[in-house]
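Structure below is target-v3.cif: mmCIF, C-alpha atoms (C1' of nucleotides); chains and numbers go by the auth columns.
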data_input
loop_
_atom_site.group_PDB
_atom_site.id
_atom_site.type_symbol
_atom_site.label_atom_id
_atom_site.label_comp_id
_atom_site.label_asym_id
_atom_site.label_seq_id
_atom_site.Cartn_x
_atom_site.Cartn_y
_atom_site.Cartn_z
_atom_site.B_iso_or_equiv
_atom_site.auth_seq_id
_atom_site.auth_asym_id
ATOM 1 C CA MET A 1 11.669 11.824 6.252 0.00 1457 A
ATOM 2 C CA THR A 2 8.623 12.945 8.106 0.00 1458 A
ATOM 3 C CA TYR A 3 6.765 13.121 4.812 0.00 1459 A
ATOM 4 C CA GLY A 4 7.223 9.407 4.256 0.00 1460 A
ATOM 5 C CA ASN A 5 4.320 8.359 6.434 0.00 1461 A
ATOM 6 C CA ALA A 6 2.268 11.190 5.017 0.00 1462 A
ATOM 7 C CA PHE A 7 2.708 9.943 1.459 0.00 1463 A
ATOM 8 C CA ALA A 8 1.923 6.404 2.488 0.00 1464 A
ATOM 9 C CA ALA A 9 -1.177 7.644 4.303 0.00 1465 A
ATOM 10 C CA LEU A 10 -2.350 9.595 1.270 0.00 1466 A
ATOM 11 C CA GLY A 11 -1.832 6.564 -0.915 0.00 1467 A
ATOM 12 C CA ASP A 12 -5.074 5.010 0.261 0.00 1468 A
ATOM 13 C CA PRO A 13 -8.178 6.409 -1.440 0.00 1469 A
ATOM 14 C CA THR A 14 -10.384 5.917 1.600 0.00 1470 A
ATOM 15 C CA ARG A 15 -8.013 8.004 3.693 0.00 1471 A
ATOM 16 C CA ARG A 16 -8.056 10.736 1.089 0.00 1472 A
ATOM 17 C CA ARG A 17 -11.835 10.698 1.226 0.00 1473 A
ATOM 18 C CA ILE A 18 -11.673 11.032 4.987 0.00 1474 A
ATOM 19 C CA LEU A 19 -9.366 14.005 4.672 0.00 1475 A
ATOM 20 C CA GLU A 20 -11.612 15.595 2.105 0.00 1476 A
ATOM 21 C CA ARG A 21 -14.549 15.200 4.442 0.00 1477 A
ATOM 22 C CA LEU A 22 -12.539 16.951 7.138 0.00 1478 A
ATOM 23 C CA ARG A 23 -11.596 19.760 4.806 0.00 1479 A
ATOM 24 C CA THR A 24 -14.719 21.700 5.662 0.00 1480 A
ATOM 25 C CA GLY A 25 -14.145 21.496 9.389 0.00 1481 A
ATOM 26 C CA PRO A 26 -13.736 19.223 12.437 0.00 1482 A
ATOM 27 C CA LYS A 27 -16.018 16.214 12.732 0.00 1483 A
ATOM 28 C CA PRO A 28 -16.586 13.328 15.162 0.00 1484 A
ATOM 29 C CA VAL A 29 -15.842 9.799 14.022 0.00 1485 A
ATOM 30 C CA GLY A 30 -19.453 8.796 13.522 0.00 1486 A
ATOM 31 C CA VAL A 31 -20.113 11.691 11.205 0.00 1487 A
ATOM 32 C CA ILE A 32 -16.995 10.940 9.212 0.00 1488 A
ATOM 33 C CA ALA A 33 -17.946 7.296 8.863 0.00 1489 A
ATOM 34 C CA ALA A 34 -21.463 8.116 7.702 0.00 1490 A
ATOM 35 C CA GLY A 35 -21.342 8.453 3.959 0.00 1491 A
ATOM 36 C CA LEU A 36 -18.245 6.342 3.614 0.00 1492 A
ATOM 37 C CA PRO A 37 -18.582 2.824 2.202 0.00 1493 A
ATOM 38 C CA VAL A 38 -16.707 1.237 5.097 0.00 1494 A
ATOM 39 C CA SER A 39 -17.564 0.489 8.704 0.00 1495 A
ATOM 40 C CA ARG A 40 -16.883 2.839 11.575 0.00 1496 A
ATOM 41 C CA PRO A 41 -14.067 0.730 13.035 0.00 1497 A
ATOM 42 C CA ALA A 42 -12.352 0.861 9.666 0.00 1498 A
ATOM 43 C CA VAL A 43 -12.568 4.633 9.818 0.00 1499 A
ATOM 44 C CA SER A 44 -11.064 4.556 13.294 0.00 1500 A
ATOM 45 C CA GLN A 45 -8.129 2.570 11.978 0.00 1501 A
ATOM 46 C CA HIS A 46 -7.614 5.005 9.131 0.00 1502 A
ATOM 47 C CA LEU A 47 -7.796 7.936 11.507 0.00 1503 A
ATOM 48 C CA LYS A 48 -5.103 6.354 13.627 0.00 1504 A
ATOM 49 C CA ILE A 49 -2.822 6.137 10.618 0.00 1505 A
ATOM 50 C CA LEU A 50 -3.604 9.692 9.587 0.00 1506 A
ATOM 51 C CA LYS A 51 -2.854 10.864 13.098 0.00 1507 A
ATOM 52 C CA GLU A 52 0.479 9.057 13.189 0.00 1508 A
ATOM 53 C CA ALA A 53 1.300 10.652 9.849 0.00 1509 A
ATOM 54 C CA GLY A 54 0.658 14.066 11.405 0.00 1510 A
ATOM 55 C CA LEU A 55 -2.172 14.837 9.016 0.00 1511 A
ATOM 56 C CA VAL A 56 -4.976 15.032 11.576 0.00 1512 A
ATOM 57 C CA GLN A 57 -5.355 15.733 15.256 0.00 1513 A
ATOM 58 C CA GLU A 58 -7.987 14.546 17.667 0.00 1514 A
ATOM 59 C CA GLU A 59 -9.610 16.379 20.484 0.00 1515 A
ATOM 60 C CA ALA A 60 -11.698 14.634 23.107 0.00 1516 A
ATOM 61 C CA GLN A 61 -15.062 16.248 23.691 0.00 1517 A
ATOM 62 C CA GLY A 62 -17.052 14.253 26.148 0.00 1518 A
ATOM 63 C CA THR A 63 -17.535 10.781 24.789 0.00 1519 A
ATOM 64 C CA ARG A 64 -16.722 11.765 21.264 0.00 1520 A
ATOM 65 C CA ARG A 65 -13.447 12.478 19.554 0.00 1521 A
ATOM 66 C CA ILE A 66 -13.415 15.412 17.232 0.00 1522 A
ATOM 67 C CA TYR A 67 -10.923 15.069 14.409 0.00 1523 A
ATOM 68 C CA HIS A 68 -9.568 17.932 12.426 0.00 1524 A
ATOM 69 C CA ILE A 69 -6.872 18.399 9.820 0.00 1525 A
ATOM 70 C CA ASP A 70 -3.441 19.343 11.094 0.00 1526 A
ATOM 71 C CA PRO A 71 -2.254 21.963 8.624 0.00 1527 A
ATOM 72 C CA ARG A 72 1.340 21.539 9.732 0.00 1528 A
ATOM 73 C CA GLY A 73 1.307 17.942 8.547 0.00 1529 A
ATOM 74 C CA LEU A 74 0.890 19.044 4.968 0.00 1530 A
ATOM 75 C CA GLY A 75 3.886 21.354 5.100 0.00 1531 A
ATOM 76 C CA PRO A 76 6.650 18.800 4.571 0.00 1532 A
ATOM 77 C CA LEU A 77 4.599 17.203 1.813 0.00 1533 A
ATOM 78 C CA ARG A 78 4.310 20.445 -0.061 0.00 1534 A
ATOM 79 C CA ALA A 79 7.943 21.208 0.567 0.00 1535 A
ATOM 80 C CA TRP A 80 9.063 17.886 -0.854 0.00 1536 A
ATOM 81 C CA LEU A 81 6.771 18.187 -3.828 0.00 1537 A
ATOM 82 C CA ASP A 82 7.774 21.760 -4.577 0.00 1538 A
ATOM 83 C CA GLN A 83 11.456 21.037 -4.329 0.00 1539 A
ATOM 84 C CA PHE A 84 11.064 17.927 -6.403 0.00 1540 A
ATOM 85 C CA TRP A 85 8.978 19.727 -8.968 0.00 1541 A
ATOM 86 C CA ASP A 86 11.490 22.538 -9.332 0.00 1542 A
ATOM 87 C CA GLN A 87 14.465 20.278 -9.668 0.00 1543 A
ATOM 88 C CA ALA A 88 12.680 17.972 -12.102 0.00 1544 A
ATOM 89 C CA LEU A 89 11.675 20.888 -14.286 0.00 1545 A
ATOM 90 C CA GLU A 90 15.209 22.217 -14.199 0.00 1546 A
ATOM 91 C CA ALA A 91 16.639 18.849 -15.195 0.00 1547 A
ATOM 92 C CA PHE A 92 14.037 18.535 -17.912 0.00 1548 A
ATOM 93 C CA ARG A 93 14.881 21.956 -19.272 0.00 1549 A
ATOM 94 C CA ALA A 94 18.593 21.231 -19.164 0.00 1550 A
ATOM 95 C CA GLU A 95 18.037 17.989 -20.994 0.00 1551 A
ATOM 96 C CA ALA A 96 15.976 19.671 -23.677 0.00 1552 A
ATOM 97 C CA GLU A 97 18.672 22.282 -24.037 0.00 1553 A
ATOM 98 C CA LYS A 98 21.335 19.637 -24.397 0.00 1554 A
ATOM 99 C CA GLU A 99 19.263 17.888 -26.999 0.00 1555 A
ATOM 100 C CA HIS A 100 18.744 21.118 -28.853 0.00 1556 A
ATOM 101 C CA THR A 101 22.355 22.232 -29.017 0.00 1557 A
ATOM 102 C CA LYS A 102 23.411 18.759 -30.022 0.00 1558 A
ATOM 103 C CA SER A 103 21.401 18.679 -33.228 0.00 1559 A
ATOM 104 C CA MET B 1 -8.960 11.466 -10.180 0.00 975 B
ATOM 105 C CA THR B 2 -5.819 11.257 -12.210 0.00 976 B
ATOM 106 C CA TYR B 3 -3.835 12.073 -9.082 0.00 977 B
ATOM 107 C CA GLY B 4 -5.110 8.923 -7.400 0.00 978 B
ATOM 108 C CA ASN B 5 -2.610 6.619 -9.011 0.00 979 B
ATOM 109 C CA ALA B 6 0.094 9.198 -8.509 0.00 980 B
ATOM 110 C CA PHE B 7 -0.491 9.305 -4.760 0.00 981 B
ATOM 111 C CA ALA B 8 -0.564 5.531 -4.568 0.00 982 B
ATOM 112 C CA ALA B 9 2.663 5.381 -6.562 0.00 983 B
ATOM 113 C CA LEU B 10 4.350 7.878 -4.270 0.00 984 B
ATOM 114 C CA GLY B 11 3.238 5.900 -1.257 0.00 985 B
ATOM 115 C CA ASP B 12 5.985 3.357 -1.737 0.00 986 B
ATOM 116 C CA PRO B 13 9.393 4.474 -0.440 0.00 987 B
ATOM 117 C CA THR B 14 11.321 2.558 -3.094 0.00 988 B
ATOM 118 C CA ARG B 15 9.419 4.342 -5.825 0.00 989 B
ATOM 119 C CA ARG B 16 10.165 7.682 -4.223 0.00 990 B
ATOM 120 C CA ARG B 17 13.825 6.760 -4.170 0.00 991 B
ATOM 121 C CA ILE B 18 13.627 5.905 -7.854 0.00 992 B
ATOM 122 C CA LEU B 19 12.064 9.259 -8.593 0.00 993 B
ATOM 123 C CA GLU B 20 14.701 11.022 -6.575 0.00 994 B
ATOM 124 C CA ARG B 21 17.392 9.255 -8.531 0.00 995 B
ATOM 125 C CA LEU B 22 15.738 10.478 -11.729 0.00 996 B
ATOM 126 C CA ARG B 23 15.529 14.006 -10.443 0.00 997 B
ATOM 127 C CA THR B 24 18.995 14.814 -11.729 0.00 998 B
ATOM 128 C CA GLY B 25 18.248 13.588 -15.219 0.00 999 B
ATOM 129 C CA PRO B 26 17.242 10.625 -17.411 0.00 1000 B
ATOM 130 C CA LYS B 27 18.763 7.241 -16.641 0.00 1001 B
ATOM 131 C CA PRO B 28 18.571 3.685 -17.984 0.00 1002 B
ATOM 132 C CA VAL B 29 17.098 0.955 -15.829 0.00 1003 B
ATOM 133 C CA GLY B 30 20.397 -0.623 -14.882 0.00 1004 B
ATOM 134 C CA VAL B 31 21.781 2.647 -13.572 0.00 1005 B
ATOM 135 C CA ILE B 32 18.635 3.277 -11.577 0.00 1006 B
ATOM 136 C CA ALA B 33 18.748 -0.186 -10.064 0.00 1007 B
ATOM 137 C CA ALA B 34 22.399 0.124 -9.071 0.00 1008 B
ATOM 138 C CA GLY B 35 22.471 1.657 -5.633 0.00 1009 B
ATOM 139 C CA LEU B 36 18.985 0.524 -4.766 0.00 1010 B
ATOM 140 C CA PRO B 37 18.573 -2.345 -2.290 0.00 1011 B
ATOM 141 C CA VAL B 38 16.287 -4.310 -4.621 0.00 1012 B
ATOM 142 C CA SER B 39 16.833 -6.339 -7.764 0.00 1013 B
ATOM 143 C CA ARG B 40 16.647 -4.917 -11.258 0.00 1014 B
ATOM 144 C CA PRO B 41 13.360 -6.678 -12.120 0.00 1015 B
ATOM 145 C CA ALA B 42 11.828 -5.114 -9.030 0.00 1016 B
ATOM 146 C CA VAL B 43 12.880 -1.720 -10.355 0.00 1017 B
ATOM 147 C CA SER B 44 11.301 -2.553 -13.703 0.00 1018 B
ATOM 148 C CA GLN B 45 8.034 -3.309 -11.955 0.00 1019 B
ATOM 149 C CA HIS B 46 8.170 -0.057 -10.043 0.00 1020 B
ATOM 150 C CA LEU B 47 8.937 1.858 -13.215 0.00 1021 B
ATOM 151 C CA LYS B 48 5.886 0.333 -14.832 0.00 1022 B
ATOM 152 C CA ILE B 49 3.708 1.604 -12.017 0.00 1023 B
ATOM 153 C CA LEU B 50 5.321 5.025 -12.127 0.00 1024 B
ATOM 154 C CA LYS B 51 4.725 5.163 -15.853 0.00 1025 B
ATOM 155 C CA GLU B 52 1.079 4.233 -15.506 0.00 1026 B
ATOM 156 C CA ALA B 53 0.757 6.943 -12.886 0.00 1027 B
ATOM 157 C CA GLY B 54 2.098 9.438 -15.397 0.00 1028 B
ATOM 158 C CA LEU B 55 5.113 10.269 -13.282 0.00 1029 B
ATOM 159 C CA VAL B 56 7.804 9.005 -15.645 0.00 1030 B
ATOM 160 C CA GLN B 57 8.215 8.392 -19.338 0.00 1031 B
ATOM 161 C CA GLU B 58 10.421 5.942 -21.120 0.00 1032 B
ATOM 162 C CA GLU B 59 12.310 6.367 -24.303 0.00 1033 B
ATOM 163 C CA ALA B 60 13.869 3.447 -26.153 0.00 1034 B
ATOM 164 C CA GLN B 61 17.483 3.965 -27.073 0.00 1035 B
ATOM 165 C CA GLY B 62 18.898 0.890 -28.684 0.00 1036 B
ATOM 166 C CA THR B 63 18.650 -1.978 -26.260 0.00 1037 B
ATOM 167 C CA ARG B 64 18.179 0.257 -23.286 0.00 1038 B
ATOM 168 C CA ARG B 65 15.206 2.196 -22.026 0.00 1039 B
ATOM 169 C CA ILE B 66 15.916 5.654 -20.772 0.00 1040 B
ATOM 170 C CA TYR B 67 13.500 6.792 -18.087 0.00 1041 B
ATOM 171 C CA HIS B 68 12.898 10.378 -17.155 0.00 1042 B
ATOM 172 C CA ILE B 69 10.465 12.230 -14.971 0.00 1043 B
ATOM 173 C CA ASP B 70 7.297 13.480 -16.601 0.00 1044 B
ATOM 174 C CA PRO B 71 6.829 16.953 -15.133 0.00 1045 B
ATOM 175 C CA ARG B 72 3.195 17.033 -16.209 0.00 1046 B
ATOM 176 C CA GLY B 73 2.435 14.084 -13.954 0.00 1047 B
ATOM 177 C CA LEU B 74 3.194 16.130 -10.896 0.00 1048 B
ATOM 178 C CA GLY B 75 0.818 18.895 -11.872 0.00 1049 B
ATOM 179 C CA PRO B 76 -2.447 17.344 -10.668 0.00 1050 B
ATOM 180 C CA LEU B 77 -0.713 16.296 -7.460 0.00 1051 B
ATOM 181 C CA ARG B 78 0.367 19.811 -6.710 0.00 1052 B
ATOM 182 C CA ALA B 79 -3.017 21.137 -7.683 0.00 1053 B
ATOM 183 C CA TRP B 80 -4.820 18.781 -5.317 0.00 1054 B
ATOM 184 C CA LEU B 81 -2.410 19.486 -2.519 0.00 1055 B
ATOM 185 C CA ASP B 82 -2.540 23.249 -2.986 0.00 1056 B
ATOM 186 C CA GLN B 83 -6.315 23.344 -3.102 0.00 1057 B
ATOM 187 C CA PHE B 84 -6.547 21.038 -0.143 0.00 1058 B
ATOM 188 C CA TRP B 85 -3.995 23.046 1.786 0.00 1059 B
ATOM 189 C CA ASP B 86 -5.787 26.337 1.165 0.00 1060 B
ATOM 190 C CA GLN B 87 -9.196 25.034 2.095 0.00 1061 B
ATOM 191 C CA ALA B 88 -7.872 23.282 5.184 0.00 1062 B
ATOM 192 C CA LEU B 89 -6.129 26.412 6.359 0.00 1063 B
ATOM 193 C CA GLU B 90 -9.268 28.441 5.766 0.00 1064 B
ATOM 194 C CA ALA B 91 -11.385 25.970 7.714 0.00 1065 B
ATOM 195 C CA PHE B 92 -8.805 25.937 10.463 0.00 1066 B
ATOM 196 C CA ARG B 93 -8.769 29.714 10.658 0.00 1067 B
ATOM 197 C CA ALA B 94 -12.562 29.882 10.687 0.00 1068 B
ATOM 198 C CA GLU B 95 -12.668 27.322 13.463 0.00 1069 B
ATOM 199 C CA ALA B 96 -10.152 29.226 15.537 0.00 1070 B
ATOM 200 C CA GLU B 97 -12.162 32.383 14.987 0.00 1071 B
ATOM 201 C CA LYS B 98 -15.345 30.673 16.102 0.00 1072 B
ATOM 202 C CA GLU B 99 -13.597 29.389 19.180 0.00 1073 B
ATOM 203 C CA HIS B 100 -12.249 32.815 19.938 0.00 1074 B
ATOM 204 C CA THR B 101 -15.535 34.720 19.688 0.00 1075 B
ATOM 205 C CA LYS B 102 -17.308 32.067 21.694 0.00 1076 B
ATOM 206 C CA SER B 103 -15.184 32.488 24.786 0.00 1077 B
ATOM 207 C "C1'" DC C 1 25.960 -15.456 -37.170 0.00 968 C
ATOM 208 C "C1'" DC C 2 26.569 -16.034 -32.156 0.00 969 C
ATOM 209 C "C1'" DG C 3 27.324 -14.486 -27.783 0.00 970 C
ATOM 210 C "C1'" DT C 4 26.352 -10.705 -24.743 0.00 971 C
ATOM 211 C "C1'" DT C 5 24.033 -6.896 -22.819 0.00 972 C
ATOM 212 C "C1'" DA C 6 19.799 -4.699 -21.346 0.00 973 C
ATOM 213 C "C1'" DC C 7 15.316 -5.203 -20.004 0.00 974 C
ATOM 214 C "C1'" DG C 8 10.604 -6.772 -19.573 0.00 975 C
ATOM 215 C "C1'" DT C 9 7.482 -10.470 -17.890 0.00 976 C
ATOM 216 C "C1'" DA C 10 5.770 -14.774 -15.551 0.00 977 C
ATOM 217 C "C1'" DA C 11 5.416 -17.527 -11.467 0.00 978 C
ATOM 218 C "C1'" DG C 12 5.638 -18.041 -6.844 0.00 979 C
ATOM 219 C "C1'" DC C 13 5.924 -16.580 -2.162 0.00 980 C
ATOM 220 C "C1'" DA C 14 5.958 -13.966 2.235 0.00 981 C
ATOM 221 C "C1'" DT C 15 4.218 -10.158 4.260 0.00 982 C
ATOM 222 C "C1'" DA C 16 1.365 -5.987 4.515 0.00 983 C
ATOM 223 C "C1'" DT C 17 -2.953 -3.999 4.187 0.00 984 C
ATOM 224 C "C1'" DG C 18 -7.783 -3.054 4.578 0.00 985 C
ATOM 225 C "C1'" DC C 19 -11.967 -4.801 6.005 0.00 986 C
ATOM 226 C "C1'" DT C 20 -15.366 -7.094 9.093 0.00 987 C
ATOM 227 C "C1'" DT C 21 -17.420 -8.690 13.521 0.00 988 C
ATOM 228 C "C1'" DA C 22 -17.047 -8.915 18.336 0.00 989 C
ATOM 229 C "C1'" DC C 23 -15.841 -6.830 22.389 0.00 990 C
ATOM 230 C "C1'" DC C 24 -14.386 -3.282 25.912 0.00 991 C
ATOM 231 C "C1'" DG C 25 -13.995 1.183 28.321 0.00 992 C
ATOM 232 C "C1'" DT C 26 -15.822 5.739 29.190 0.00 993 C
ATOM 233 C "C1'" DA C 27 -18.781 9.591 29.461 0.00 994 C
ATOM 234 C "C1'" DA C 28 -23.429 11.314 29.145 0.00 995 C
ATOM 235 C "C1'" DA C 29 -28.622 10.674 30.050 0.00 996 C
ATOM 236 C "C1'" DC C 30 -32.367 9.392 32.422 0.00 997 C
ATOM 237 C "C1'" DG D 1 -27.079 3.477 39.421 0.00 1452 D
ATOM 238 C "C1'" DT D 2 -28.415 1.606 35.044 0.00 1453 D
ATOM 239 C "C1'" DT D 3 -28.637 2.218 30.420 0.00 1454 D
ATOM 240 C "C1'" DT D 4 -27.227 4.144 26.129 0.00 1455 D
ATOM 241 C "C1'" DA D 5 -24.184 6.436 22.797 0.00 1456 D
ATOM 242 C "C1'" DC D 6 -19.515 6.873 21.082 0.00 1457 D
ATOM 243 C "C1'" DG D 7 -15.469 5.080 19.597 0.00 1458 D
ATOM 244 C "C1'" DG D 8 -11.098 2.536 20.206 0.00 1459 D
ATOM 245 C "C1'" DT D 9 -8.996 -2.220 19.979 0.00 1460 D
ATOM 246 C "C1'" DA D 10 -8.446 -7.358 19.125 0.00 1461 D
ATOM 247 C "C1'" DA D 11 -8.876 -11.276 16.138 0.00 1462 D
ATOM 248 C "C1'" DG D 12 -9.415 -13.165 11.879 0.00 1463 D
ATOM 249 C "C1'" DC D 13 -9.548 -13.231 6.990 0.00 1464 D
ATOM 250 C "C1'" DA D 14 -9.128 -12.196 1.995 0.00 1465 D
ATOM 251 C "C1'" DT D 15 -6.650 -9.721 -1.066 0.00 1466 D
ATOM 252 C "C1'" DA D 16 -2.926 -6.629 -2.525 0.00 1467 D
ATOM 253 C "C1'" DT D 17 1.734 -5.679 -2.700 0.00 1468 D
ATOM 254 C "C1'" DG D 18 6.642 -6.055 -3.171 0.00 1469 D
ATOM 255 C "C1'" DC D 19 10.260 -9.078 -3.765 0.00 1470 D
ATOM 256 C "C1'" DT D 20 12.943 -12.930 -5.833 0.00 1471 D
ATOM 257 C "C1'" DT D 21 14.399 -16.308 -9.411 0.00 1472 D
ATOM 258 C "C1'" DA D 22 13.777 -17.986 -13.960 0.00 1473 D
ATOM 259 C "C1'" DC D 23 12.928 -17.125 -18.501 0.00 1474 D
ATOM 260 C "C1'" DG D 24 11.956 -14.684 -23.027 0.00 1475 D
ATOM 261 C "C1'" DT D 25 13.141 -11.072 -26.409 0.00 1476 D
ATOM 262 C "C1'" DA D 26 15.407 -7.418 -28.913 0.00 1477 D
ATOM 263 C "C1'" DA D 27 19.445 -4.824 -30.187 0.00 1478 D
ATOM 264 C "C1'" DC D 28 24.506 -4.376 -30.304 0.00 1479 D
ATOM 265 C "C1'" DG D 29 29.404 -6.320 -30.836 0.00 1480 D
ATOM 266 C "C1'" DG D 30 32.855 -9.586 -32.269 0.00 1481 D
#
For this file, produce the structure as structure tokens.
Amino acid sequence: MTYGNAFAALGDPTRRRILERLRTGPKPVGVIAAGLPVSRPAVSQHLKILKEAGLVQEEAQGTRRIYHIDPRGLGPLRAWLDQFWDQALEAFRAEAEKEHTKS
Amino acid sequence: MTYGNAFAALGDPTRRRILERLRTGPKPVGVIAAGLPVSRPAVSQHLKILKEAGLVQEEAQGTRRIYHIDPRGLGPLRAWLDQFWDQALEAFRAEAEKEHTKS
DNA sequence: CCGTTACGTAAGCATATGCTTACCGTAAAC
DNA sequence: GTTTACGGTAAGCATATGCTTACGTAACGG
């Protein structure tokens, strides 16, 4: 379940905000932290979690670390959600059908 | 952000297991709890959260409550993820392009 | 009716989580 | 070389979270 950590990571609103800030392109930690209501160390901790979840990657550039979204990390998430969605819809349809033929 | 609660709800592995058990069709609480490593009241609490997140719906049937997945609850999730995915890929591609023309 | 089944809820508790401040290493700047 | 910017990490703390047991309530069965 490689998507497990990803879901847990996305569960926190601050981490989602961080990801959304990275959506437009790579950014160093300081820039990410600016505009967020938490301190820079807090952002560092969140970035660590996001990295372990495979959602972001870092790249050292001199003294600063540039973070960017890892598109591959979202793959399993989408896969799980799509599969789940399809199967749930199918079950829902089957249930409605059963209900319909019964009455 | 109606998907906020949904993401938080999906962050817990036990709740994902509950959803996966419901994927095949509606089930009463007792059936859901059987096979899970936690007590039945714990499952009730999780179901409450899932319901508030719009991911499941309950339907009273005599003394038992039948829970089933609410397909509409997954919509915003997929929408967010799809939009995020697209934009992230685009940004990633643009960044790679920039890198390429620079060198 | 009265017991039983099915479930939600309250209370309590242990642990996880997110945050802050303080500190440390490392690379650039001068 | 010394100083300064950048950011990761440690320690500590308050709150959130997930679990359990105990209890309350509503419907079904005899």
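Minimum distance to chain B across D:DA1473, D:DA1467, D:DC1457, D:DA1478 (counting only C-alpha atoms (C1' of nucleotides)) occurs at D:DA1478.
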Check: If we count all atoms listed in the file, which residues of chain D reach to within 9 Å of chain B? Please list them as an MDAnalysis selection string.
Finding: chainID D and resid 1469:1471 1477:1479
Suppose we keep C-alpha atoms (C1' of nucleotides); can you now write the selection as a compact mmCIF listing (two decimals), keeping the file's coordinate frame?
# COMPACT_ATOMS: atom_id res chain seq x y z
C1' DG D 1469 6.64 -6.06 -3.17
C1' DC D 1470 10.26 -9.08 -3.76
C1' DT D 1471 12.94 -12.93 -5.83
C1' DA D 1477 15.41 -7.42 -28.91
C1' DA D 1478 19.44 -4.82 -30.19
C1' DC D 1479 24.51 -4.38 -30.30
Quick one: contact table of chain C to chain A, 9 Å max, nearest atom pair and distance in Å to one decimal per residue, counting only C-alpha atoms (C1' of nucleotides), chain and number order, as a tab-separated table?
residue	atom	partner	partner_atom	distance
C:DG985	C1'	A:Ala1498	CA	7.9
C:DC986	C1'	A:Ala1498	CA	6.8
C:DT987	C1'	A:Ser1495	CA	7.9
C:DT993	C1'	A:Thr1519	CA	6.9
C:DA994	C1'	A:Thr1519	CA	5.0
C:DA995	C1'	A:Thr1519	CA	7.3
Next item on the list: To verify the selection step, state as an MDAnalysis selection string which residues the PyMOL selection byres ((chain A) within 8 of (chain B)) yields on this input.
Entry: chainID A and resid 1460 1463:1469 1476 1479:1481 1525 1527 1530 1534 1537:1538 1540:1541 1543:1545 1547:1548 1551
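When atom C1' of DC969 of chain C is paired with atom C1' of DG1481 of chain D, their separation reads 9.0 Å.
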Report the centre and edge lengths, in Å to one decimal, of an axis-aligned box enclosing every atom of segment 984-995 of chain C listed in the file, padded by 8 Å on each side, as AutoDock Vina command-line options.
--center_x -13.2 --center_y 1.2 --center_z 16.8 --size_x 36.5 --size_y 36.2 --size_z 41.3
Margin query: Quick check on the file I pasted: which residues fall under the PyMOL selection byres ((chain C and resi 982) around 9)? Write them as a ChimeraX atom specification.
Written below: /C:981,983 /D:1468-1469
Can you spit out the residues from that selection as a short mmCIF file (atom, residue, chain, number, x, y, z; two decimals), in the coordinates of the input, using C-alpha atoms (C1' of nucleotides)?
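Saved the output as part.cif:
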data_model
loop_
_atom_site.label_atom_id
_atom_site.label_comp_id
_atom_site.auth_asym_id
_atom_site.auth_seq_id
_atom_site.Cartn_x
_atom_site.Cartn_y
_atom_site.Cartn_z
"C1'" DA C 981 5.96 -13.97 2.24
"C1'" DA C 983 1.36 -5.99 4.51
"C1'" DT D 1468 1.73 -5.68 -2.70
"C1'" DG D 1469 6.64 -6.06 -3.17
#
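Atom CA of Ala1007 of chain B to atom CA of Tyr1459 of chain A spans 23.3 Å [interatomic distance, one decimal].
Running the PyMOL selection byres ((chain C and resi 975) around 10) on this file leaves Pro1015, Ser1018, Gln1019 and Lys1022 of chain B; DA973, DC974 and DT976 of chain C; DG1475 and DT1476 of chain D selected.
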Next item on the list: Please identify all polymer residues within 9 Å of Lys1001 of chain B, counting all atoms listed in the file, omitting same-chain residues fewer than 5 positions from it, and present them as a PyMOL selection string.
Entry: chain B and resi 995-996+1006+1039-1042
How would the residues just chosen look if you wrote them out with C-alpha atoms as a PDB file, in the coordinates of the input?
ATOM      1  CA  ARG B 995      17.392   9.255  -8.531  1.00  0.00           C
ATOM      2  CA  LEU B 996      15.738  10.478 -11.729  1.00  0.00           C
ATOM      3  CA  ILE B1006      18.635   3.277 -11.577  1.00  0.00           C
ATOM      4  CA  ARG B1039      15.206   2.196 -22.026  1.00  0.00           C
ATOM      5  CA  ILE B1040      15.916   5.654 -20.772  1.00  0.00           C
ATOM      6  CA  TYR B1041      13.500   6.792 -18.087  1.00  0.00           C
ATOM      7  CA  HIS B1042      12.898  10.378 -17.155  1.00  0.00           C
TER       8      HIS B1042
END
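Straight-line separation from atom CA of Glu1508 of chain A to atom CA of Gly1486 of chain A: 19.9 Å.
Closest to Val1487 of chain A among D:DG1452, D:DG1480, D:DG1458, D:DG1463 is D:DG1458, based on all atoms listed in the file.
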